[in-house]
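First up is the structure itself, then whatever we jot down about it.
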Amino acid sequence: AQLGKKVALADYVEPSPRGTRWGLGGTCVNVGCIPKKLMHQAALLGGMIRDAPHYGWEVAQLVPHDWRRMAEAVQNHVKSLNWGHRVQLQDRKVKYFNIKASFVNEHTVRGVTKDGKEIEGALEYGITSDDIFWLKESPGKTLVVGASYVALECAGFLTGLGLETTVMMRSIPLRGFDQQMSSLVTEYMASHGTQFLRGCTPSRVGRLPDGQLQVTWEDLTSGKKDMGTFDTVLWAIGRVPETRSLDLENAGVNTNPNSQKILVDAQEATSVPNIYAIGDVAEGRPELTPPAIMAGRLLAQRLCGQSSDLMDYDNVPTTVFTPLEYGCVGLSEEEAVARHGEEHVEVYHAYYKPLEFMVAERDASQCYIKVSVLTGLGQGMLGSERRERAGRRGWGSPTQPHLPPGPPPMQPWCPTSSQPGS
């Protein structure tokens with residue numbers, strides 16, 4: 001619209017199975033990055049309170065957490081962002097339709113009204129991350145089903161807020177991420193109170209007379225069944241794009257039948273030249289908001305003839321906001337070996353202890369950094385909120401992939417130091 005084009009926006013929130021709905025701004029603002037990071041910060045503050053006496057603050061150690069007060073503050077902030085987006089649309093004269101849209105043909109879109117279990121009890125009694133950020137009351141003892149970054153992030157801040165939390169994992173954590181780093185994430189979480197049920201899948205959720213949820217699951221290794229009781233069951237087992245309701249076939253837009261994502265080229269164009277797709281819904285694109293924003297800006301400039309620049313999706317950095325945060329960019333070790341061969345990959349690595357951990361004598365056994373090297377393939381870092389640049393100078397000797405367990409002696413993390421661990 002700022003480039004002089006006539007623009008309309010159709011935006012509709014399909015309520016979650018529990019009826020949760022939200023305002024303008026999309027997943028990141030309403031049920032993603034923004035409320036997640038704020039609740040993660042609330043959990044981190046609990047750790048800082050425990051550290052405070054070591055730094056001279058006389059703080060009572062039994063400090064209760066008020067979920068209702070936190071939730072109200074987080075939700076009010078999100079609502080302010082909803083309002084800000086609405087104002088920006090009005091200021092830029094974008095026509096906004098709060099409707100669910102679908103295609104009639106390649107040049108016509110219509111607004112439609114709301115359309116018309118795999119595991120017994122899942123729909124009736126479970127919630128998703130869409131709901132957890134909008135709960136008015138504490139979820140209490142929680143079972144998180146899944147091992148995605150959403151699952152581990154939610155489990156991490158729930159544990160940090162003092163809630164008994166269990167993660168049920170079918171297979172590996174953080175699929176698609178470096179698995180050595182992923183293991184350090186879950187080990188740290190386990191050592192700080194999060195319980196893990198590994199190699200298990202749920203088969204039934206039922207409500208007991210006292211209101212608690214009874215979950216039955218199967219151990220995939222032994223085949224044995226077990227059960228436990230929880231106040232809340234949170235499903236975080238992945239997402240599927242909501243493309244079927246768009247009636248894309250009417251416009252001739254092709255999708256991947258397996259992922260249901262829209263096929264696009266380097267120009268973000270679909271199989272229909274005048275229809276474009278950006279963000280999570282596009283095949284082969286990172287499910288991250290900042291790259292989608294940048295892709296949209298570049299697309300708008302190309303459509304208006306102001307630029308020919310294409311979005312570069314290589315080496316997009318990302319962070320997983322688990323209690324021990326995991327930041328990475330480039331290829332994981334597994335991807336590097338698969339693409340270039342183990343004999344061509346060297347891994348530089350170091351354990352370290354963040355400076356702010358020193359006085360409080362906090363556990364830093366999983367604070368770790370590694371770089372998979374073939375003319376600089378990628379790097380990952382597990383550590384504190386504060387991030388320093390990671391240079392190669394001063395690291396220990398390179399090793400081949402699959403490093404031996406156990407940290408060397410800890411050294412303070414200092415970007416200008418030439419000591420091991422820097």
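Following the order of the structure tokens, chains are lettered A, B, ..., residues in each are numbered from 1, and ligands are numbered from 1.
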Subject >> Who sits within 10 Å of stretch 270-276 of chain A, only C-alpha atoms, same chain under 6 positions skipped, as a VMD selection string >> reply: chain A and resid 106 to 107 251 to 255 262 to 264 282 296 299 303
Please produce a file of the residues just selected, as a tab-separated table (two decimals), in the first residue's frame, where the atoms kept are N, CA and C atoms.
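Dumped to result14.tsv:
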```
chain	number	residue	atom	x	y	z
A	106	GLU	N	-8.25	-17.75	-10.57
A	106	GLU	CA	-6.94	-17.14	-10.34
A	106	GLU	C	-6.99	-15.64	-10.13
A	107	HIS	N	-8.14	-15.00	-10.39
A	107	HIS	CA	-8.24	-13.55	-10.21
A	107	HIS	C	-9.35	-13.15	-9.24
A	251	ALA	N	-8.01	-22.08	-8.50
A	251	ALA	CA	-7.13	-21.10	-9.14
A	251	ALA	C	-5.98	-21.77	-9.88
A	252	GLY	N	-5.82	-23.09	-9.71
A	252	GLY	CA	-4.73	-23.78	-10.38
A	252	GLY	C	-3.41	-23.73	-9.64
A	253	VAL	N	-3.46	-23.43	-8.35
A	253	VAL	CA	-2.24	-23.34	-7.53
A	253	VAL	C	-1.87	-24.74	-7.04
A	254	ASN	N	-0.63	-25.14	-7.30
A	254	ASN	CA	-0.17	-26.47	-6.92
A	254	ASN	C	0.41	-26.51	-5.51
A	255	THR	N	0.16	-27.63	-4.83
A	255	THR	CA	0.70	-27.83	-3.49
A	255	THR	C	1.42	-29.17	-3.44
A	262	ILE	N	2.34	-24.81	-0.26
A	262	ILE	CA	2.23	-24.28	-1.62
A	262	ILE	C	3.61	-24.27	-2.28
A	263	LEU	N	3.68	-24.78	-3.50
A	263	LEU	CA	4.94	-24.81	-4.24
A	263	LEU	C	5.23	-23.43	-4.83
A	264	VAL	N	6.45	-22.95	-4.57
A	264	VAL	CA	6.84	-21.63	-5.06
A	264	VAL	C	8.23	-21.70	-5.68
A	282	ALA	N	4.61	-21.67	2.39
A	282	ALA	CA	5.35	-21.96	1.17
A	282	ALA	C	6.32	-23.11	1.39
A	296	GLY	N	8.33	-10.66	2.05
A	296	GLY	CA	7.19	-9.85	1.64
A	296	GLY	C	7.59	-8.47	1.15
A	299	LEU	N	9.20	-8.90	-2.25
A	299	LEU	CA	8.18	-9.21	-3.24
A	299	LEU	C	7.41	-7.95	-3.63
A	303	LEU	N	7.10	-6.41	-7.38
A	303	LEU	CA	5.80	-6.23	-8.04
A	303	LEU	C	5.61	-4.79	-8.50
```
Stretch 321-379 of chain A near stretch 172-176 of chain A within 12 Å: what's each residue's closest atom pair and its distance in Å to one decimal, counting only C-alpha atoms, ordered by chain then ascending residue number, as a tab-separated table?
```
residue	atom	partner	partner_atom	distance
A:Thr322	CA	A:Leu174	CA	11.0
A:Tyr326	CA	A:Leu174	CA	10.7
A:Cys328	CA	A:Gly176	CA	11.7
A:Gly330	CA	A:Gly176	CA	11.9
A:Leu331	CA	A:Gly176	CA	9.8
A:Ser332	CA	A:Gly176	CA	8.1
A:Glu333	CA	A:Gly176	CA	10.6
A:Glu334	CA	A:Gly176	CA	9.0
A:Glu335	CA	A:Gly176	CA	8.8
```
Subject >> Distance in Å - atom CA of A:Ala190 versus atom CA of A:Pro286 >> reply: 28.4 Å
Subject >> atom CA of A:His40 to atom CA of A:Leu163, distance in Å rounded to a single decimal >> reply: 13.4 Å
Any idea what's packed within 7 Å of A:Asp130, counting only C-alpha atoms, ignoring anything in its chain fewer than 3 positions away? Could you give it as a short mmCIF file (atom, residue, chain, number, x, y, z; two decimals) with all heavy atoms, in the first residue's frame?
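Okay, this is what ended up in result_14.cif:
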```
data_model
loop_
_atom_site.label_atom_id
_atom_site.label_comp_id
_atom_site.auth_asym_id
_atom_site.auth_seq_id
_atom_site.Cartn_x
_atom_site.Cartn_y
_atom_site.Cartn_z
N SER A 16 -9.28 -22.48 17.99
CA SER A 16 -8.71 -23.78 18.35
C SER A 16 -9.85 -24.70 18.78
O SER A 16 -10.97 -24.25 19.04
CB SER A 16 -7.71 -23.62 19.49
OG SER A 16 -8.39 -23.43 20.72
N VAL A 31 0.04 -16.12 19.20
CA VAL A 31 0.20 -17.45 19.80
C VAL A 31 1.58 -18.02 19.48
O VAL A 31 1.76 -19.23 19.37
CB VAL A 31 -0.90 -18.41 19.31
CG1 VAL A 31 -2.25 -18.02 19.88
CG2 VAL A 31 -0.96 -18.46 17.79
N PHE A 133 -1.17 -19.81 25.87
CA PHE A 133 -0.84 -18.39 26.02
C PHE A 133 -2.04 -17.54 26.41
O PHE A 133 -1.89 -16.38 26.79
CB PHE A 133 -0.22 -17.85 24.73
CG PHE A 133 1.04 -18.56 24.32
CD1 PHE A 133 1.13 -19.18 23.09
CD2 PHE A 133 2.12 -18.62 25.19
CE1 PHE A 133 2.30 -19.83 22.71
CE2 PHE A 133 3.29 -19.27 24.81
CZ PHE A 133 3.38 -19.88 23.58
#
```
